[in-house]
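These notes concern the structure reproduced below.
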Amino acid sequence: MLLATFVAALHAGILFGLADLLQVLRGWAKAVAADRPADILVVVAAICALFTAHIGETAIWAAFFWKSG
């Protein structure tokens with residue numbers, strides 16, 4: 001239960017941090033590119049970041065199950 005709570009808190013922290021980071025990235029991308037390419041860049045960055053977060057969470061669970069036998 002403690003691990004599930006930790007992973008849920010980690011996931012929430014990543015999502016909130018990612019939301020702030022994507023706002024900054026969107027402002028930068030709009031200054032450099034047109035509106036549509038900037039939006040595509042933000043979506044691609046979000047997908048990559050969420051994929052990485054899920055891989056990390058999976059690794060935490062895998063390590064737990066590996067250590068617990």
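Chains: A, B, ... in order of the structure tokens. Residues: from 1 per chain. Ligands: from 1, in order shown.
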
Would you kindly return, as a PDB file with N, CA and C atoms, in the first residue's frame, each protein, DNA or RNA residue with an atom no farther than 12 Å from any atom of A:Ala8, considering only C-alpha atoms and excluding same-chain residues fewer than 4 positions away?
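Result written to out.pdb:
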```pdb
ATOM      1  N   MET A   1       0.830  -1.195   0.000  1.00  0.00           N
ATOM      2  CA  MET A   1       0.000   0.000   0.000  1.00  0.00           C
ATOM      3  C   MET A   1       0.877   1.263   0.000  1.00  0.00           C
ATOM      4  N   LEU A   2       1.966   1.194   0.744  1.00  0.00           N
ATOM      5  CA  LEU A   2       2.881   2.339   0.811  1.00  0.00           C
ATOM      6  C   LEU A   2       3.503   2.611  -0.561  1.00  0.00           C
ATOM      7  N   LEU A   3       3.875   1.543  -1.253  1.00  0.00           N
ATOM      8  CA  LEU A   3       4.465   1.719  -2.582  1.00  0.00           C
ATOM      9  C   LEU A   3       3.452   2.308  -3.561  1.00  0.00           C
ATOM     10  N   ALA A   4       2.215   1.837  -3.505  1.00  0.00           N
ATOM     11  CA  ALA A   4       1.178   2.370  -4.397  1.00  0.00           C
ATOM     12  C   ALA A   4       0.944   3.857  -4.132  1.00  0.00           C
ATOM     13  N   ALA A  12       1.495  12.107  -9.733  1.00  0.00           N
ATOM     14  CA  ALA A  12       0.868  13.426  -9.623  1.00  0.00           C
ATOM     15  C   ALA A  12       1.904  14.539  -9.707  1.00  0.00           C
ATOM     16  N   GLY A  13       3.020  14.359  -9.033  1.00  0.00           N
ATOM     17  CA  GLY A  13       4.088  15.358  -9.093  1.00  0.00           C
ATOM     18  C   GLY A  13       4.629  15.534 -10.497  1.00  0.00           C
ATOM     19  N   ILE A  14       4.803  14.426 -11.191  1.00  0.00           N
ATOM     20  CA  ILE A  14       5.288  14.496 -12.572  1.00  0.00           C
ATOM     21  C   ILE A  14       4.275  15.216 -13.454  1.00  0.00           C
ATOM     22  N   LEU A  15       2.999  14.909 -13.295  1.00  0.00           N
ATOM     23  CA  LEU A  15       1.971  15.562 -14.127  1.00  0.00           C
ATOM     24  C   LEU A  15       1.903  17.066 -13.889  1.00  0.00           C
ATOM     25  N   ALA A  53       7.682   8.771 -17.859  1.00  0.00           N
ATOM     26  CA  ALA A  53       7.170   8.653 -16.491  1.00  0.00           C
ATOM     27  C   ALA A  53       6.581   7.267 -16.244  1.00  0.00           C
ATOM     28  N   HIS A  54       5.844   6.751 -17.201  1.00  0.00           N
ATOM     29  CA  HIS A  54       5.248   5.427 -17.044  1.00  0.00           C
ATOM     30  C   HIS A  54       6.316   4.331 -17.023  1.00  0.00           C
ATOM     31  N   GLU A  57       7.726   4.439 -13.534  1.00  0.00           N
ATOM     32  CA  GLU A  57       6.809   3.836 -12.566  1.00  0.00           C
ATOM     33  C   GLU A  57       6.813   2.314 -12.698  1.00  0.00           C
ATOM     34  N   THR A  58       6.863   1.823 -13.920  1.00  0.00           N
ATOM     35  CA  THR A  58       6.939   0.384 -14.145  1.00  0.00           C
ATOM     36  C   THR A  58       8.223  -0.189 -13.569  1.00  0.00           C
ATOM     37  N   ILE A  60       9.851   0.957 -10.998  1.00  0.00           N
ATOM     38  CA  ILE A  60       9.708   0.930  -9.540  1.00  0.00           C
ATOM     39  C   ILE A  60       8.934  -0.313  -9.119  1.00  0.00           C
ATOM     40  N   TRP A  61       7.829  -0.590  -9.789  1.00  0.00           N
ATOM     41  CA  TRP A  61       7.046  -1.788  -9.467  1.00  0.00           C
ATOM     42  C   TRP A  61       7.849  -3.053  -9.746  1.00  0.00           C
TER      43      TRP A  61
END
```

Point-to-point distance in Å for atom CA of A:Val42 and atom CA of A:Gly27:
9.8 Å

Need the shell around A:Ala38: protein/DNA/RNA residues with any atom at most 9 Å away, counting only C-alpha atoms. Skip same-chain ones fewer than 5 positions apart. Format as a list in words?
Leu25, Arg26, Gly27, Trp28, Ala29, Lys30, Ala31, Val32, Ala33 and Val43 of chain A

Resulting file, chosen residues, N, CA, C and O atoms, as a compact mmCIF listing (two decimals), in the first residue's frame:
```
# COMPACT_ATOMS: atom_id res chain seq x y z
N LEU A 25 7.33 25.66 -22.48
CA LEU A 25 7.72 25.19 -23.80
C LEU A 25 6.81 25.76 -24.88
O LEU A 25 7.27 26.15 -25.95
N ARG A 26 5.53 25.84 -24.59
CA ARG A 26 4.58 26.38 -25.58
C ARG A 26 4.87 27.85 -25.87
O ARG A 26 4.84 28.29 -27.03
N GLY A 27 5.17 28.63 -24.83
CA GLY A 27 5.51 30.03 -25.05
C GLY A 27 6.76 30.19 -25.87
O GLY A 27 6.83 31.04 -26.77
N TRP A 28 7.77 29.36 -25.58
CA TRP A 28 9.01 29.41 -26.35
C TRP A 28 8.78 28.98 -27.79
O TRP A 28 9.26 29.62 -28.72
N ALA A 29 8.02 27.90 -27.98
CA ALA A 29 7.80 27.38 -29.32
C ALA A 29 6.99 28.36 -30.17
O ALA A 29 7.24 28.50 -31.36
N LYS A 30 6.02 29.04 -29.56
CA LYS A 30 5.24 30.02 -30.32
C LYS A 30 6.09 31.22 -30.74
O LYS A 30 5.84 31.83 -31.77
N ALA A 31 7.09 31.55 -29.93
CA ALA A 31 7.97 32.66 -30.29
C ALA A 31 8.90 32.26 -31.44
O ALA A 31 9.29 33.10 -32.24
N VAL A 32 9.22 30.99 -31.52
CA VAL A 32 10.16 30.51 -32.54
C VAL A 32 9.45 30.05 -33.81
O VAL A 32 9.93 30.27 -34.90
N ALA A 33 8.29 29.40 -33.65
CA ALA A 33 7.59 28.82 -34.80
C ALA A 33 6.17 29.38 -34.87
O ALA A 33 5.74 30.13 -34.00
N VAL A 43 2.63 18.75 -27.92
CA VAL A 43 1.99 17.44 -27.80
C VAL A 43 3.03 16.32 -27.85
O VAL A 43 2.98 15.38 -27.05
```

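All residues of protein, DNA or RNA that reach within 10 Å of A:Ala46, judged by only C-alpha atoms and not counting those fewer than 5 positions away in the chain, are Leu15, Leu18, Ala19, Leu21, Leu22, Ile40, Leu41, Phe51 and Thr52 of chain A.
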
Straight-line distance linking atom CA of A:Ala45 with atom CA of A:His11, stated in Å to one decimal
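Going from atom CA of A:Ala45 over to atom CA of A:His11, I get 16.7 Å.
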